[in-house]
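*Asks:* Enclosed is the structure file structure-v4.pdb (PDB, C-alpha atoms, pLDDT in the B column).
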```pdb
ATOM      1  CA  MET M  10      61.906 106.440 175.650  1.00 89.00           C
ATOM      2  CA  HIS M  11      63.701 105.752 178.902  1.00 94.00           C
ATOM      3  CA  LEU M  12      64.274 102.534 180.800  1.00 97.00           C
ATOM      4  CA  VAL M  13      65.093 102.770 184.512  1.00 97.00           C
ATOM      5  CA  ILE M  14      65.986  99.804 186.729  1.00 97.00           C
ATOM      6  CA  SER M  15      65.768 100.290 190.505  1.00 97.00           C
ATOM      7  CA  PRO M  16      68.538  98.860 192.700  1.00 96.00           C
ATOM      8  CA  LYS M  17      66.066  96.559 194.505  1.00 97.00           C
ATOM      9  CA  SER M  18      64.725  95.150 191.232  1.00 96.00           C
ATOM     10  CA  GLN M  19      68.299  94.651 189.994  1.00 96.00           C
ATOM     11  CA  HIS M  20      69.030  92.692 193.180  1.00 96.00           C
ATOM     12  CA  TRP M  21      65.959  90.511 192.502  1.00 97.00           C
ATOM     13  CA  PHE M  22      67.123  89.743 188.938  1.00 96.00           C
ATOM     14  CA  LYS M  23      70.530  88.720 190.289  1.00 96.00           C
ATOM     15  CA  GLU M  24      69.141  86.582 193.115  1.00 95.00           C
ATOM     16  CA  GLU M  25      66.092  85.005 191.469  1.00 95.00           C
ATOM     17  CA  LEU M  26      67.281  84.662 187.865  1.00 95.00           C
ATOM     18  CA  GLY M  27      70.974  84.261 188.605  1.00 95.00           C
ATOM     19  CA  VAL M  28      72.032  86.976 186.161  1.00 96.00           C
ATOM     20  CA  GLU M  29      75.526  88.336 186.499  1.00 94.00           C
ATOM     21  CA  LYS M  30      77.930  90.644 184.718  1.00 96.00           C
ATOM     22  CA  GLY M  31      77.776  89.997 180.960  1.00 96.00           C
ATOM     23  CA  ASP M  32      74.132  88.810 181.001  1.00 97.00           C
ATOM     24  CA  ALA M  33      71.163  90.684 179.569  1.00 98.00           C
ATOM     25  CA  ILE M  34      67.462  90.921 180.451  1.00 98.00           C
ATOM     26  CA  ARG M  35      64.891  91.651 177.751  1.00 98.00           C
ATOM     27  CA  PHE M  36      61.513  93.237 178.509  1.00 97.00           C
ATOM     28  CA  PHE M  37      58.718  92.482 176.048  1.00 95.00           C
ATOM     29  CA  GLY M  38      54.962  92.692 175.648  1.00 92.00           C
ATOM     30  CA  LYS M  39      53.054  89.444 176.026  1.00 91.00           C
ATOM     31  CA  TYR M  40      49.445  88.418 175.608  1.00 88.00           C
ATOM     32  CA  GLY M  41      47.348  88.237 178.765  1.00 83.00           C
ATOM     33  CA  GLY M  42      47.120  90.328 181.897  1.00 80.00           C
ATOM     34  CA  LYS M  43      47.420  94.101 182.014  1.00 82.00           C
ATOM     35  CA  THR M  44      49.719  96.980 182.829  1.00 80.00           C
ATOM     36  CA  ASP M  45      48.843 100.453 184.039  1.00 80.00           C
ATOM     37  CA  VAL M  46      48.482 101.500 180.357  1.00 81.00           C
ATOM     38  CA  HIS M  47      47.639  98.229 178.524  1.00 77.00           C
ATOM     39  CA  THR M  48      44.664  95.908 178.790  1.00 81.00           C
ATOM     40  CA  GLY M  49      45.015  92.324 177.607  1.00 84.00           C
ATOM     41  CA  PHE M  50      48.829  92.472 177.583  1.00 85.00           C
ATOM     42  CA  SER M  51      51.482  92.385 180.289  1.00 91.00           C
ATOM     43  CA  THR M  52      55.228  92.818 180.654  1.00 94.00           C
ATOM     44  CA  GLY M  53      57.380  89.756 180.069  1.00 94.00           C
ATOM     45  CA  ILE M  54      61.047  89.193 180.881  1.00 96.00           C
ATOM     46  CA  GLU M  55      63.645  86.795 179.555  1.00 96.00           C
ATOM     47  CA  ILE M  56      67.388  86.329 179.656  1.00 97.00           C
ATOM     48  CA  SER M  57      68.480  87.136 176.132  1.00 96.00           C
ATOM     49  CA  LYS M  58      71.093  89.076 174.169  1.00 96.00           C
ATOM     50  CA  PRO M  59      70.149  92.323 172.397  1.00 97.00           C
ATOM     51  CA  GLU M  60      69.926  92.131 168.610  1.00 97.00           C
ATOM     52  CA  LYS M  61      68.308  95.449 167.645  1.00 97.00           C
ATOM     53  CA  PRO M  62      67.646  97.285 170.901  1.00 97.00           C
ATOM     54  CA  LEU M  63      65.156 100.125 170.923  1.00 96.00           C
ATOM     55  CA  VAL M  64      66.579 101.176 174.294  1.00 96.00           C
ATOM     56  CA  GLN M  65      69.062  99.645 176.698  1.00 97.00           C
ATOM     57  CA  VAL M  66      70.745 100.483 179.987  1.00 97.00           C
ATOM     58  CA  GLU M  67      73.612  98.811 181.772  1.00 97.00           C
ATOM     59  CA  ASN M  68      73.875  98.448 185.539  1.00 95.00           C
ATOM     60  CA  GLU M  69      76.812  96.649 187.143  1.00 94.00           C
ATOM     61  CA  GLY M  70      77.620  94.958 183.825  1.00 97.00           C
ATOM     62  CA  ILE M  71      74.070  93.636 183.290  1.00 97.00           C
ATOM     63  CA  ILE M  72      72.225  94.934 180.221  1.00 98.00           C
ATOM     64  CA  TYR M  73      68.481  95.617 180.399  1.00 98.00           C
ATOM     65  CA  PHE M  74      66.809  96.243 177.048  1.00 98.00           C
ATOM     66  CA  ILE M  75      63.746  96.417 174.821  1.00 97.00           C
ATOM     67  CA  GLU M  76      63.988  95.244 171.219  1.00 97.00           C
ATOM     68  CA  GLU M  77      62.819  97.348 168.271  1.00 96.00           C
ATOM     69  CA  SER M  78      60.296  94.582 167.492  1.00 95.00           C
ATOM     70  CA  ASP M  79      58.505  95.422 170.776  1.00 94.00           C
ATOM     71  CA  GLU M  80      57.971  99.089 169.969  1.00 95.00           C
ATOM     72  CA  TRP M  81      54.268  98.296 169.445  1.00 91.00           C
ATOM     73  CA  PHE M  82      54.049  97.693 173.206  1.00 89.00           C
ATOM     74  CA  PHE M  83      56.508 100.223 174.647  1.00 92.00           C
ATOM     75  CA  GLY M  84      56.344 103.046 172.081  1.00 90.00           C
ATOM     76  CA  GLY M  85      55.504 106.422 173.599  1.00 92.00           C
ATOM     77  CA  TYR M  86      56.225 105.310 177.156  1.00 93.00           C
ATOM     78  CA  ASP M  87      59.089 105.338 179.622  1.00 95.00           C
ATOM     79  CA  LEU M  88      59.404 102.167 181.696  1.00 96.00           C
ATOM     80  CA  ALA M  89      60.510 102.146 185.333  1.00 97.00           C
ATOM     81  CA  VAL M  90      61.239  98.706 186.777  1.00 97.00           C
ATOM     82  CA  ASN M  91      60.727  98.933 190.522  1.00 96.00           C
ATOM     83  CA  PHE M  92      60.360  96.364 193.299  1.00 96.00           C
ATOM     84  CA  ASP M  93      57.032  95.442 194.882  1.00 94.00           C
ATOM     85  CA  GLU M  94      57.836  94.756 198.551  1.00 94.00           C
ATOM     86  CA  GLN M  95      54.461  93.115 199.227  1.00 94.00           C
ATOM     87  CA  HIS M  96      54.734  90.591 196.378  1.00 93.00           C
ATOM     88  CA  GLU M  97      58.537  90.410 196.493  1.00 94.00           C
ATOM     89  CA  GLU M  98      58.928  90.799 192.732  1.00 93.00           C
ATOM     90  CA  PRO M  99      59.586  93.486 190.125  1.00 95.00           C
ATOM     91  CA  SER M 100      56.806  95.887 189.220  1.00 95.00           C
ATOM     92  CA  TYR M 101      56.517  97.902 186.033  1.00 95.00           C
ATOM     93  CA  ALA M 102      55.425 101.529 185.870  1.00 95.00           C
ATOM     94  CA  TYR M 103      54.688 103.137 182.512  1.00 94.00           C
ATOM     95  CA  ALA M 104      54.618 106.894 181.976  1.00 93.00           C
ATOM     96  CA  LYS M 105      54.085 108.921 178.819  1.00 93.00           C
ATOM     97  CA  SER M 106      57.486 109.658 177.362  1.00 88.00           C
ATOM     98  CA  ALA M 107      58.480 113.291 177.060  1.00 82.00           C
ATOM     99  CA  GLU M 108      59.990 112.289 173.692  1.00 69.00           C
ATOM    100  CA  ALA M 109      56.641 111.033 172.322  1.00 53.00           C
TER     101      ALA M 109
END
```
Would you put the structure from the file into structure tokens?

*Replies:*
Amino acid sequence: MHLVISPKSQHWFKEELGVEKGDAIRFFGKYGGKTDVHTGFSTGIEISKPEKPLVQVENEGIIYFIEESDEWFFGGYDLAVNFDEQHEEPSYAYAKSAEA
């Protein structure tokens, strides 16, 4: 499983959520909505500290991660966090993981 954060989405997290070096953003599955591979569930975000990360990346001192407890939602997929110019917010693209 891979987690990739685009520079434009990172900028959004810094500007809109006020995250800075030393902070962490968690991605999780939540009830309601849909993704390109899930129906009835969508991608949630929160400022949180990793406890048991399934995967994490660090960009400019900010940690982005998925907890082991969310493997039910992310397992078998790579997640790319991009930026939707039209809606001016992050977008989430799921792709089958080569490791699955």

*Asks:* Can you work out the spacing between atom CA of M:Tyr73 and atom CA of M:Phe50 in Å, to one decimal?

*Replies:*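 Atom-to-atom, atom CA of M:Tyr73 to atom CA of M:Phe50, that is 20.1 Å.
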
*Asks:* Counting all atoms listed in the file, figure out which residue out of M:Leu88, M:Val66, M:Ala107, M:Ile56 gets nearest to M:Val28.

*Replies:* M:Ile56

*Asks:* Report, in Å to a single decimal, how far apart atom CA of M:Lys43 and atom CA of M:Ala104 are.

*Replies:*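 That distance, rounded to one decimal, is 14.7 Å.
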
*Asks:* So how many Å separate atom CA of M:Lys61 and atom CA of M:Gln19, to one decimal?

*Replies:*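 Distance between the two atoms: 22.4 Å.
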
*Asks:* Might you pull out every residue within 12 Å of M:Lys30, with all atoms listed in the file counted and same-chain residues fewer than 3 positions away left off, and present them as a list in words?

*Replies:*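 Here the qualifying residues turn out to be Gln19, Phe22, Lys23, Gly27, Ala33, Ile34, Glu67, Asn68, Glu69, Gly70, Ile71, Ile72 and Tyr73 of chain M.
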
*Asks:* For the file shown, report as number ranges by chain the outcome of the PyMOL selection byres ((chain M and resi 60) around 12) at residue level.

*Replies:* M: 33, 35, 57-59, 61-65, 74-78

*Asks:* Hey, what's within 12 Å of M:Asp87 if we count all atoms listed in the file and toss same-chain stuff fewer than 4 positions away? As a ChimeraX atom specification, please?

*Replies:* /M:10-14,46,63-65,75,80,82-83,101-109

*Asks:* Could you list, as a ChimeraX atom specification, every residue matched by the PyMOL selection byres ((chain M and resi 21) around 12) in this structure?

*Replies:* /M:14-20,22-29,90-94,96-100

*Asks:* Between M:Gly42, M:Phe36, M:Ala89, M:Gly31, which residue has the minimum interatomic distance to M:Glu55, considering all atoms listed in the file?

*Replies:*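 So, comparing all the options, the nearest one is M:Phe36.
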